[in-house]
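Everything below belongs to coords-v5.tsv, which stores TSV, C-alpha atoms.
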chain	number	residue	atom	x	y	z
A	883	MET	CA	13.83	2.32	1.41
A	884	ARG	CA	10.12	2.94	2.01
A	885	LEU	CA	7.73	2.60	-0.90
A	886	THR	CA	5.05	5.24	-0.36
A	887	SER	CA	3.02	3.82	-3.23
A	888	LEU	CA	2.79	0.54	-1.34
A	889	ASP	CA	1.36	2.32	1.72
A	890	VAL	CA	-1.19	3.98	-0.56
A	891	PHE	CA	-2.02	0.63	-2.16
A	892	ARG	CA	-2.51	-0.82	1.33
A	893	GLY	CA	-4.71	2.11	2.33
A	894	ILE	CA	-6.92	1.70	-0.74
A	895	THR	CA	-7.21	-2.00	0.06
A	896	ILE	CA	-8.14	-1.57	3.73
A	897	ALA	CA	-10.71	1.08	2.76
A	898	GLY	CA	-12.09	-1.37	0.21
A	899	MET	CA	-12.28	-4.13	2.80
A	900	ILE	CA	-14.16	-1.93	5.28
A	901	LEU	CA	-16.50	-0.80	2.48
A	902	VAL	CA	-17.43	-4.28	1.25
A	903	ASN	CA	-17.63	-5.75	4.77
A	904	MET	CA	-20.12	-3.07	5.82
A	905	ALA	CA	-22.12	-3.04	2.60
A	906	GLY	CA	-22.35	-6.83	2.61
A	907	VAL	CA	-24.30	-6.91	5.85
A	908	ALA	CA	-27.37	-5.38	4.19
A	909	ASP	CA	-29.81	-7.55	2.26
A	910	ASP	CA	-29.61	-5.32	-0.81
A	911	VAL	CA	-26.14	-4.50	-2.11
A	912	TYR	CA	-24.79	-3.50	-5.48
A	913	PRO	CA	-23.26	-6.58	-7.22
A	914	PRO	CA	-19.70	-5.16	-7.38
A	915	LEU	CA	-19.77	-4.87	-3.57
A	916	ALA	CA	-20.70	-8.52	-3.09
A	917	HIS	CA	-18.58	-11.64	-3.53
A	918	ALA	CA	-19.21	-13.87	-6.51
A	919	GLU	CA	-21.72	-16.53	-5.54
A	920	TRP	CA	-19.26	-19.26	-6.52
A	921	HIS	CA	-17.19	-19.23	-9.72
A	922	GLY	CA	-16.22	-15.81	-11.04
A	923	CYS	CA	-14.64	-12.66	-9.67
A	924	THR	CA	-16.11	-9.31	-8.62
A	925	PRO	CA	-14.18	-6.22	-7.41
A	926	THR	CA	-14.93	-7.40	-3.86
A	927	ASP	CA	-13.09	-10.66	-4.56
A	928	LEU	CA	-9.89	-8.68	-5.24
A	929	VAL	CA	-9.58	-7.20	-1.75
A	930	PHE	CA	-8.29	-10.23	0.18
A	931	PRO	CA	-5.65	-11.35	-2.37
A	932	PHE	CA	-4.49	-7.73	-2.59
A	933	PHE	CA	-3.67	-7.88	1.12
A	934	LEU	CA	-1.59	-11.03	0.63
A	935	PHE	CA	0.16	-9.49	-2.37
A	936	ILE	CA	0.97	-6.38	-0.30
A	937	VAL	CA	2.38	-8.58	2.49
A	938	GLY	CA	4.72	-10.13	-0.08
A	939	VAL	CA	5.91	-6.79	-1.49
A	940	ALA	CA	6.62	-5.53	2.03
A	941	MET	CA	8.55	-8.75	2.77
A	942	SER	CA	10.93	-8.05	-0.10
A	943	PHE	CA	12.05	-4.89	1.68
A	944	SER	CA	12.05	-6.19	5.27
A	945	LEU	CA	13.96	-9.38	4.41
A	946	SER	CA	16.26	-7.90	1.76
A	947	LYS	CA	19.31	-7.82	4.03
A	948	TYR	CA	19.24	-11.58	4.58
A	949	THR	CA	21.18	-13.02	1.66
A	950	HIS	CA	22.97	-16.33	1.25
A	951	GLU	CA	26.06	-14.73	2.81
A	952	ASN	CA	24.12	-13.06	5.63
A	953	LYS	CA	21.88	-15.79	7.01
A	954	PRO	CA	18.96	-14.81	9.27
A	955	THR	CA	19.48	-15.36	12.98
A	956	SER	CA	17.18	-17.11	15.41
A	957	ALA	CA	15.89	-13.66	16.43
A	958	VAL	CA	14.66	-13.09	12.87
A	959	TYR	CA	12.79	-16.38	12.85
A	960	TRP	CA	11.35	-15.57	16.26
A	961	ARG	CA	9.96	-12.25	14.97
A	962	ILE	CA	8.38	-14.02	11.98
A	963	PHE	CA	6.77	-16.72	14.14
A	964	ARG	CA	5.66	-14.11	16.68
A	965	ARG	CA	4.01	-11.98	14.00
A	966	ALA	CA	2.27	-15.00	12.50
A	967	ALA	CA	1.07	-16.13	15.93
A	968	ILE	CA	-0.35	-12.69	16.81
A	969	LEU	CA	-2.26	-12.55	13.52
A	970	PHE	CA	-3.67	-16.03	14.07
A	971	VAL	CA	-4.77	-15.26	17.63
A	972	LEU	CA	-6.36	-11.98	16.53
A	973	GLY	CA	-8.33	-13.96	13.95
A	974	LEU	CA	-9.52	-16.38	16.63
A	975	LEU	CA	-10.56	-13.48	18.85
A	976	LEU	CA	-12.61	-11.99	16.00
A	977	ASN	CA	-14.26	-15.37	15.35
A	978	GLY	CA	-15.11	-15.89	19.01
A	979	PHE	CA	-16.29	-12.37	19.78
A	980	TRP	CA	-19.94	-12.24	20.81
A	981	ASN	CA	-20.96	-15.70	19.57
A	982	LYS	CA	-23.20	-16.38	22.57
A	983	GLY	CA	-22.70	-13.20	24.54
A	984	ILE	CA	-20.36	-10.24	24.72
A	985	TRP	CA	-18.38	-11.77	27.58
A	986	THR	CA	-18.66	-15.37	26.40
A	987	PHE	CA	-15.81	-16.90	24.42
A	988	ASP	CA	-17.04	-20.36	23.47
A	989	LEU	CA	-14.19	-22.63	22.40
A	990	SER	CA	-16.47	-25.60	21.80
A	991	ASN	CA	-17.59	-24.42	18.37
A	992	ILE	CA	-15.34	-21.51	17.46
A	993	ARG	CA	-14.32	-21.34	13.82
A	994	ILE	CA	-10.58	-22.04	13.61
A	995	MET	CA	-9.75	-20.48	10.25
A	996	GLY	CA	-10.49	-17.01	8.90
A	997	VAL	CA	-9.02	-14.02	7.07
A	998	LEU	CA	-6.27	-13.16	9.57
A	999	GLN	CA	-5.47	-16.85	10.06
A	1000	ARG	CA	-4.91	-17.24	6.32
A	1001	ILE	CA	-2.70	-14.15	6.24
A	1002	SER	CA	-0.77	-15.58	9.19
A	1003	LEU	CA	-0.11	-18.99	7.65
A	1004	SER	CA	0.61	-17.60	4.17
A	1005	TYR	CA	3.04	-15.02	5.54
A	1006	LEU	CA	4.80	-17.60	7.70
A	1007	SER	CA	5.15	-20.13	4.88
A	1008	ALA	CA	6.28	-17.57	2.31
A	1009	SER	CA	8.82	-16.07	4.73
A	1010	LEU	CA	10.37	-19.46	5.47
A	1011	ALA	CA	10.55	-20.20	1.74
A	1012	VAL	CA	12.19	-16.86	0.97
A	1013	LEU	CA	14.78	-17.24	3.74
A	1014	ASN	CA	15.72	-20.82	2.91
A	1015	LEU	CA	15.39	-21.23	-0.85
A	1016	PRO	CA	17.42	-19.64	-3.64
A	1017	ARG	CA	15.55	-17.42	-6.09
A	1018	LYS	CA	15.09	-20.21	-8.62
A	1019	GLY	CA	13.82	-22.51	-5.88
A	1020	GLN	CA	11.24	-19.90	-4.83
A	1021	TRP	CA	9.85	-19.70	-8.36
A	1022	ILE	CA	9.80	-23.48	-8.67
A	1023	LEU	CA	7.96	-23.73	-5.35
A	1024	ALA	CA	5.35	-21.22	-6.51
A	1025	GLY	CA	4.80	-23.18	-9.72
A	1026	VAL	CA	4.60	-26.52	-7.91
A	1027	LEU	CA	2.07	-25.18	-5.40
A	1028	LEU	CA	-0.21	-23.77	-8.10
A	1029	VAL	CA	-0.01	-26.70	-10.50
A	1030	GLY	CA	-0.09	-29.26	-7.69
A	1031	TYR	CA	-3.18	-27.66	-6.17
A	1032	TRP	CA	-4.91	-27.63	-9.57
A	1033	LEU	CA	-4.16	-31.28	-10.31
A	1034	THR	CA	-5.12	-32.40	-6.82
A	1035	MET	CA	-8.42	-30.53	-6.82
A	1036	MET	CA	-9.37	-31.77	-10.28
A	1037	TYR	CA	-8.09	-35.34	-10.37
A	1038	VAL	CA	-7.85	-36.77	-6.84
A	1039	PRO	CA	-11.19	-38.44	-5.94
A	1040	VAL	CA	-13.04	-37.50	-2.77
A	1041	PRO	CA	-14.92	-40.31	-0.98
A	1042	ASP	CA	-18.65	-40.17	-1.78
A	1043	TYR	CA	-18.12	-37.37	-4.31
A	1044	GLY	CA	-15.47	-38.39	-6.85
A	1045	ALA	CA	-12.79	-36.32	-8.58
A	1046	GLY	CA	-13.09	-32.77	-9.86
A	1047	VAL	CA	-16.19	-31.90	-7.85
A	1048	LEU	CA	-15.86	-28.19	-7.09
A	1049	THR	CA	-18.80	-27.72	-4.75
A	1050	ARG	CA	-18.63	-26.33	-1.23
A	1051	GLU	CA	-18.59	-29.76	0.40
A	1052	GLY	CA	-17.41	-32.03	-2.42
A	1053	ASN	CA	-14.06	-30.45	-3.32
A	1054	PHE	CA	-10.84	-32.09	-2.17
A	1055	GLY	CA	-9.87	-29.11	0.00
A	1056	ALA	CA	-13.06	-29.37	2.03
A	1057	TYR	CA	-12.43	-33.10	2.44
A	1058	VAL	CA	-8.93	-32.47	3.81
A	1059	ASP	CA	-10.23	-29.75	6.12
A	1060	ARG	CA	-12.84	-32.13	7.53
A	1061	LEU	CA	-10.09	-34.69	8.18
A	1062	ILE	CA	-7.96	-32.19	10.10
A	1063	ILE	CA	-10.45	-29.80	11.68
A	1064	PRO	CA	-13.57	-31.02	13.53
A	1065	LYS	CA	-16.72	-30.00	11.66
A	1066	VAL	CA	-17.97	-27.78	14.47
A	1067	HIS	CA	-14.88	-25.60	13.97
A	1068	LEU	CA	-15.42	-25.11	10.23
A	1069	TYR	CA	-17.35	-22.25	8.61
A	1070	ALA	CA	-21.12	-22.55	9.05
A	1071	GLY	CA	-22.31	-19.69	6.83
A	1072	ASP	CA	-22.72	-19.13	3.08
A	1073	GLY	CA	-23.97	-22.67	2.49
A	1074	PHE	CA	-20.86	-24.39	3.87
A	1075	LYS	CA	-22.76	-25.80	6.86
A	1076	ASN	CA	-19.56	-26.86	8.66
A	1077	LEU	CA	-18.59	-29.07	5.70
A	1078	GLY	CA	-15.84	-26.82	4.38
A	1079	ASP	CA	-14.25	-23.42	4.85
A	1080	PRO	CA	-13.59	-20.57	2.39
A	1081	GLU	CA	-10.36	-19.91	4.29
A	1082	GLY	CA	-9.58	-23.56	4.97
A	1083	LEU	CA	-6.21	-25.14	5.56
A	1084	PHE	CA	-5.82	-26.87	2.22
A	1085	SER	CA	-6.88	-23.87	0.15
A	1086	THR	CA	-4.27	-21.80	2.01
A	1087	ILE	CA	-1.61	-23.61	-0.06
A	1088	PRO	CA	-2.20	-21.53	-3.23
A	1089	ALA	CA	-2.66	-18.41	-1.06
A	1090	ILE	CA	1.03	-18.73	-0.20
A	1091	VAL	CA	1.72	-17.99	-3.87
A	1092	SER	CA	-0.32	-14.78	-3.61
A	1093	VAL	CA	2.29	-13.65	-1.05
A	1094	LEU	CA	5.18	-14.92	-3.14
A	1095	ALA	CA	3.85	-13.04	-6.18
A	1096	GLY	CA	4.06	-9.85	-4.14
A	1097	TYR	CA	7.55	-10.77	-2.97
A	1098	PHE	CA	8.77	-11.35	-6.52
A	1099	THR	CA	7.28	-8.01	-7.49
A	1100	GLY	CA	8.98	-6.18	-4.65
A	1101	GLU	CA	12.31	-7.79	-5.45
A	1102	TRP	CA	12.00	-6.66	-9.06
A	1103	ILE	CA	11.04	-3.09	-8.06
A	1104	ARG	CA	14.03	-2.80	-5.72
A	1105	LYS	CA	16.39	-3.44	-8.64
A	1106	GLN	CA	14.79	-0.91	-10.98
A	1107	SER	CA	15.33	2.81	-11.27
A	1108	VAL	CA	12.40	5.07	-10.44
A	1109	GLN	CA	11.07	5.80	-13.91
A	1110	THR	CA	8.04	5.21	-16.10
A	1111	ARG	CA	9.65	2.13	-17.60
A	1112	THR	CA	9.29	0.40	-14.22
A	1113	SER	CA	5.59	1.26	-14.07
A	1114	VAL	CA	5.13	-0.02	-17.62
A	1115	GLY	CA	6.91	-3.24	-16.68
A	1116	LEU	CA	4.58	-3.77	-13.74
A	1117	ALA	CA	1.56	-3.10	-15.95
A	1118	LEU	CA	2.76	-5.52	-18.64
A	1119	PHE	CA	3.35	-8.23	-16.04
A	1120	GLY	CA	-0.14	-7.51	-14.72
A	1121	ILE	CA	-1.76	-7.83	-18.13
A	1122	GLY	CA	0.12	-11.08	-18.68
A	1123	CYS	CA	-1.18	-12.48	-15.40
A	1124	LEU	CA	-4.73	-11.45	-16.27
A	1125	ILE	CA	-4.53	-13.29	-19.58
A	1126	VAL	CA	-2.96	-16.41	-18.07
A	1127	GLY	CA	-5.36	-16.44	-15.13
A	1128	TRP	CA	-8.39	-15.95	-17.38
A	1129	GLY	CA	-7.23	-18.71	-19.71
A	1130	TRP	CA	-6.47	-21.07	-16.85
A	1131	GLY	CA	-9.95	-20.34	-15.56
A	1132	TRP	CA	-11.42	-22.34	-18.45
A	1133	LEU	CA	-9.74	-25.45	-17.01
A	1134	PHE	CA	-9.80	-24.57	-13.30
A	1135	PRO	CA	-12.48	-21.92	-12.65
A	1136	ILE	CA	-11.60	-18.63	-11.00
A	1137	ASN	CA	-13.04	-19.02	-7.50
A	1138	LYS	CA	-12.20	-17.06	-4.37
A	1139	LYS	CA	-13.81	-19.48	-1.92
A	1140	LEU	CA	-11.64	-22.29	-3.29
A	1141	TRP	CA	-8.70	-19.92	-3.88
A	1142	THR	CA	-8.07	-21.67	-7.19
A	1143	SER	CA	-4.73	-21.37	-8.97
A	1144	SER	CA	-6.35	-19.37	-11.78
A	1145	TYR	CA	-7.73	-16.99	-9.14
A	1146	VAL	CA	-4.23	-16.46	-7.71
A	1147	VAL	CA	-2.77	-15.54	-11.10
A	1148	PHE	CA	-5.77	-13.45	-12.15
A	1149	THR	CA	-5.93	-11.38	-8.95
A	1150	SER	CA	-2.15	-10.93	-8.93
A	1151	GLY	CA	-2.58	-9.35	-12.34
A	1152	TRP	CA	-5.03	-6.78	-10.98
A	1153	ALA	CA	-2.73	-6.14	-8.00
A	1154	LEU	CA	0.17	-5.44	-10.37
A	1155	LEU	CA	-1.93	-3.00	-12.38
A	1156	LEU	CA	-3.05	-1.06	-9.31
A	1157	LEU	CA	0.49	-0.99	-7.92
A	1158	ALA	CA	1.77	0.19	-11.31
A	1159	ALA	CA	-0.69	3.10	-11.28
A	1160	CYS	CA	0.24	4.09	-7.71
A	1161	TYR	CA	3.95	3.77	-8.48
A	1162	GLU	CA	3.75	5.91	-11.61
A	1163	LEU	CA	1.75	8.69	-9.98
A	1164	ILE	CA	3.55	8.79	-6.62
A	1165	GLU	CA	7.12	7.59	-7.12
A	1166	VAL	CA	7.73	8.69	-10.73
A	1167	ARG	CA	5.56	11.77	-11.29
A	1168	LEU	CA	5.53	12.84	-7.62
A	1169	ILE	CA	1.78	13.54	-7.74
A	1170	LYS	CA	1.05	12.85	-4.09
A	1171	ARG	CA	-1.69	15.16	-2.84
A	1172	TRP	CA	-4.51	12.79	-3.83
A	1173	SER	CA	-2.82	9.86	-2.11
A	1174	LYS	CA	-2.38	11.22	1.43
A	1175	PRO	CA	-5.75	9.95	2.81
A	1176	TRP	CA	-5.00	6.44	1.51
A	1177	GLU	CA	-1.44	6.54	2.84
A	1178	ILE	CA	-2.72	7.50	6.30
A	1179	MET	CA	-5.06	4.49	6.32
A	1180	GLY	CA	-2.35	2.22	4.94
A	1181	LEU	CA	0.03	3.03	7.77
A	1182	ASN	CA	-2.40	1.59	10.33
A	1183	ALA	CA	-4.17	-1.11	8.31
A	1184	ILE	CA	-4.34	-3.83	10.96
A	1185	ALA	CA	-5.35	-1.29	13.62
A	1186	LEU	CA	-8.33	-0.35	11.44
A	1187	PHE	CA	-9.31	-3.79	10.23
A	1188	VAL	CA	-9.71	-5.50	13.62
A	1189	PRO	CA	-11.93	-2.87	15.32
A	1190	SER	CA	-13.94	-2.39	12.10
A	1191	VAL	CA	-14.90	-6.08	12.18
A	1192	LEU	CA	-15.71	-5.83	15.89
A	1193	LEU	CA	-17.93	-2.81	15.21
A	1194	ILE	CA	-19.90	-4.73	12.58
A	1195	LYS	CA	-20.43	-7.59	15.03
A	1196	ILE	CA	-21.63	-5.17	17.72
A	1197	LEU	CA	-24.04	-3.47	15.31
A	1198	VAL	CA	-25.44	-6.80	14.16
A	1199	ARG	CA	-25.71	-8.44	17.61
A	1200	THR	CA	-27.18	-5.49	19.58
A	1201	LYS	CA	-30.82	-4.41	19.27
A	1202	ILE	CA	-32.78	-1.21	19.39
A	1203	GLY	CA	-35.75	-1.86	21.64
A	1204	THR	CA	-36.92	-5.07	23.31
A	1205	GLY	CA	-38.64	-8.21	22.18
A	1206	GLU	CA	-37.95	-10.77	19.49
A	1207	THR	CA	-38.98	-8.41	16.68
A	1208	ALA	CA	-36.66	-5.60	17.79
A	1209	PRO	CA	-34.33	-4.67	14.92
A	1210	SER	CA	-30.59	-4.96	15.22
A	1211	THR	CA	-28.68	-1.71	15.66
A	1212	PHE	CA	-27.34	-2.13	12.14
A	1213	ASN	CA	-30.80	-2.56	10.59
A	1214	TRP	CA	-32.25	0.31	12.59
A	1215	ILE	CA	-29.53	2.72	11.43
A	1216	TYR	CA	-29.64	1.36	7.88
A	1217	GLN	CA	-33.43	1.57	7.54
A	1218	ASN	CA	-34.03	4.85	9.40
A	1219	ILE	CA	-31.02	6.94	8.48
A	1220	PHE	CA	-29.98	5.71	5.04
A	1221	ALA	CA	-32.52	3.49	3.24
A	1222	SER	CA	-35.52	5.62	4.28
A	1223	TRP	CA	-34.52	8.42	1.88
A	1224	ALA	CA	-31.83	6.97	-0.37
A	1225	GLY	CA	-33.38	3.59	-1.12
A	1226	THR	CA	-32.09	0.15	-0.21
A	1227	TYR	CA	-29.13	-0.20	-2.58
A	1228	ASN	CA	-27.99	3.41	-2.26
A	1229	GLY	CA	-28.64	3.21	1.47
A	1230	SER	CA	-26.33	0.25	1.99
A	1231	LEU	CA	-23.67	1.96	-0.12
A	1232	LEU	CA	-23.94	5.25	1.79
A	1233	PHE	CA	-23.86	3.46	5.15
A	1234	ALA	CA	-20.67	1.70	4.06
A	1235	LEU	CA	-19.10	4.94	2.78
A	1236	VAL	CA	-19.88	6.73	6.04
A	1237	THR	CA	-18.27	3.85	7.92
A	1238	VAL	CA	-15.12	4.18	5.79
A	1239	LEU	CA	-15.03	7.90	6.56
A	1240	LEU	CA	-15.40	7.13	10.27
A	1241	TRP	CA	-12.38	4.84	10.23
A	1242	TRP	CA	-10.45	7.29	8.08
A	1243	ALA	CA	-11.03	9.90	10.80
A	1244	VAL	CA	-9.69	7.43	13.36
A	1245	ALA	CA	-6.65	6.86	11.13
A	1246	VAL	CA	-6.06	10.62	10.86
A	1247	LEU	CA	-6.18	10.96	14.64
A	1248	MET	CA	-3.68	8.12	15.05
A	1249	TYR	CA	-1.45	9.62	12.35
A	1250	ARG	CA	-1.40	13.04	14.02
A	1251	GLN	CA	-0.55	11.44	17.35
A	1252	ARG	CA	2.15	9.36	15.60
A	1253	TRP	CA	0.48	6.14	16.74
A	1254	PHE	CA	1.44	3.36	14.37
A	1255	LEU	CA	0.35	-0.08	15.49
A	1256	LYS	CA	2.32	-2.91	13.88
A	1257	VAL	CA	2.05	-6.64	14.40

Would you mind writing the file out in structure tokens?
Amino acid sequence: MRLTSLDVFRGITIAGMILVNMAGVADDVYPPLAHAEWHGCTPTDLVFPFFLFIVGVAMSFSLSKYTHENKPTSAVYWRIFRRAAILFVLGLLLNGFWNKGIWTFDLSNIRIMGVLQRISLSYLSASLAVLNLPRKGQWILAGVLLVGYWLTMMYVPVPDYGAGVLTREGNFGAYVDRLIIPKVHLYAGDGFKNLGDPEGLFSTIPAIVSVLAGYFTGEWIRKQSVQTRTSVGLALFGIGCLIVGWGWGWLFPINKKLWTSSYVVFTSGWALLLLAACYELIEVRLIKRWSKPWEIMGLNAIALFVPSVLLIKILVRTKIGTGETAPSTFNWIYQNIFASWAGTYNGSLLFALVTVLLWWAVAVLMYRQRWFLKV
């Protein structure tokens, strides 16, 4: 069984990621297209957890044949580890691309963690849990990870900072990351200054639950008939998660960079609502014409994400002209083609939209050639 609405959901998400990645490079960007400075959640902060949720839903279909009576073979585990390893290596390649030069890959200070690395570790951990724990055990694990992360972050003291300090460098997750990963290999931007990492190892623990939430959702969908009642059920679950996540946020603030437990529940709620809308329109009502562009992008998500990040790096690192004051290729295009007539905020938005259209065209070409790149 292939869930077309999931492909559409994935396509909307990859388009959203390309949009916010491109818009975020400019100095002036509309607030919804920027991450929350620290606590809080903007539409941009939904994109990454949506990807993890989608990974979990897809897992429920790909691993459905492995029951307690039909145990997975070593070949199954090998495919899971291979997929996780490829994602992790791709993340390292993105981190190391053009740090000191286009042909220079400097391992001495490369950032170890990142978006694809988190997807890799979360997928691997969730897959192993699904294949080796009964259903009740999977739910218990999800609860333990979320509650355990909350209690640890709030009540375990960090040397020189104390307990419950949720700053970039003073939180317990950053402390653990500094113990495991040398500082030069941690994130240097956004005020972290190699003292923590927004995709660090410790904060990947609750991200595993973002994948499990998707898996639980997929398992539930597979057992339902294709009707509006299923869409309503997804929406009600989503609203429940929003309420619980928002309420939990008063005790443990919603924060993407810390991937707090409240953030996991809250963003899973939004993912359920978007999936419910796609499911109702596409699977139940068979209204599909609007969804084809998103489906095309969703079928080659990883093949669009990796080169789109590389393109941004090339635009930022190359220059138009010579000398120290020469603008980057990105700034030259942004200022002369978009901002010069549309204004700064509209210019950054239009530049990002044009970039999404560019990658959609690439996706269409790949779709027509039947090129589907999977990890």

Near-region 1033-1042 of chain A list (12 Å; only C-alpha atoms; drop same-chain fewer than 3 positions) as a compact mmCIF listing (two decimals) with C-alpha atoms, in the frame of the given file:
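Once written, out.txt looks like this:
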# COMPACT_ATOMS: atom_id res chain seq x y z
CA VAL A 1026 4.60 -26.52 -7.91
CA LEU A 1027 2.07 -25.18 -5.40
CA LEU A 1028 -0.21 -23.77 -8.10
CA VAL A 1029 -0.01 -26.70 -10.50
CA GLY A 1030 -0.09 -29.26 -7.69
CA ALA A 1045 -12.79 -36.32 -8.58
CA GLY A 1046 -13.09 -32.77 -9.86
CA VAL A 1047 -16.19 -31.90 -7.85
CA LEU A 1048 -15.86 -28.19 -7.09
CA THR A 1049 -18.80 -27.72 -4.75
CA GLU A 1051 -18.59 -29.76 0.40
CA GLY A 1052 -17.41 -32.03 -2.42
CA ASN A 1053 -14.06 -30.45 -3.32
CA PHE A 1054 -10.84 -32.09 -2.17
CA GLY A 1055 -9.87 -29.11 0.00
CA ALA A 1056 -13.06 -29.37 2.03
CA TYR A 1057 -12.43 -33.10 2.44
CA VAL A 1058 -8.93 -32.47 3.81
CA ARG A 1060 -12.84 -32.13 7.53
CA LEU A 1061 -10.09 -34.69 8.18
CA PHE A 1084 -5.82 -26.87 2.22
CA SER A 1085 -6.88 -23.87 0.15
CA ILE A 1087 -1.61 -23.61 -0.06
CA PRO A 1088 -2.20 -21.53 -3.23
CA LEU A 1133 -9.74 -25.45 -17.01
CA PHE A 1134 -9.80 -24.57 -13.30
CA PRO A 1135 -12.48 -21.92 -12.65
CA LEU A 1140 -11.64 -22.29 -3.29
CA TRP A 1141 -8.70 -19.92 -3.88
CA THR A 1142 -8.07 -21.67 -7.19
CA SER A 1143 -4.73 -21.37 -8.97

Students should find that CA of Val929 (chain A) and CA of Thr886 (chain A) are spaced 19.3 Å

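For Ile936 (chain A), the list of residues within 8 Å, based on only C-alpha atoms and with local chain neighbours fewer than 2 positions off taken out, reads Leu888, Phe891, Arg892, Phe932, Phe933, Leu934, Gly938, Val939, Ala940, Val1093 and Gly1096 of chain A.
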
In Å to one decimal, how far is CA of Gly1127 (chain A) from CA of Phe935 (chain A)?
15.5 Å

CA of Val1257 (chain A) to CA of Leu1156 (chain A): how many Å, to one decimal?
24.9 Å

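With all atoms listed in the file as the atoms that count, the minimum distance from Arg993 (chain A) to the choices A:Leu1077, A:Val1091, A:Ile1125, A:Ile894 is reached by A:Leu1077.
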
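Minimum distance to Trp1102 (chain A) across A:His1067, A:Arg1017, A:Arg1000, A:Lys947 (counting all atoms listed in the file) occurs at A:Arg1017.
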
Could you pull the residues within 8 Å of Phe1074 (chain A), counting only C-alpha atoms, minus those fewer than 5 positions along the same chain, as a PDB file with C-alpha atoms, keeping the file's coordinate frame?
ATOM      1  CA  ARG A1050     -18.630 -26.330  -1.230  1.00  0.00           C
ATOM      2  CA  GLU A1051     -18.590 -29.760   0.400  1.00  0.00           C
ATOM      3  CA  TYR A1069     -17.350 -22.250   8.610  1.00  0.00           C
ATOM      4  CA  ASP A1079     -14.250 -23.420   4.850  1.00  0.00           C
TER       5      ASP A1079
END

Residues within 7 Å of Ala1234 (chain A), please, as a VMD selection string. Count all atoms listed in the file; anything in the same chain fewer than 6 positions from it doesn't count.
chain A and resid 901 904 to 905

Go ahead and write the selection's residues with C-alpha atoms as a PDB file, in the frame of the given file.
ATOM      1  CA  LEU A 901     -16.500  -0.800   2.480  1.00  0.00           C
ATOM      2  CA  MET A 904     -20.120  -3.070   5.820  1.00  0.00           C
ATOM      3  CA  ALA A 905     -22.120  -3.040   2.600  1.00  0.00           C
TER       4      ALA A 905
END

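Nearest to Asn1014 (chain A) of all the residues A:Leu1163, A:Leu945, A:Leu1239, A:Leu969 is A:Leu945, based on all atoms listed in the file.
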
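If you measure from each of A:Leu1181, A:Gly1151, A:Glu1206, A:Tyr1097 to Arg1250 (chain A) using all atoms listed in the file, the closest one turns out to be A:Leu1181.
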
Would you mind telling me which residue in A:Gly922, A:Ser942, A:Gly1205, A:Ile900 lies nearest to Trp1241 (chain A) when using all atoms listed in the file?
A:Ile900

I need every residue sitting at most 9 Å from the point (-9.2, -18.8, 3.9) (coordinates as in the file, all atoms listed in the file considered), written as a VMD selection string.
chain A and resid 995 to 1001 1079 to 1086 1089 1138 to 1141

Pick from A:Gly1044, A:Pro954, A:Gly1115, A:Gly1073 nearest to Ile1103 (chain A), counting all atoms listed in the file:
A:Gly1115

If we count all atoms listed in the file, what is near Ala1243 (chain A) at a cut-off of 10 Å, once residues fewer than 4 positions away on the same chain are taken out, given as a count of residues only?
9
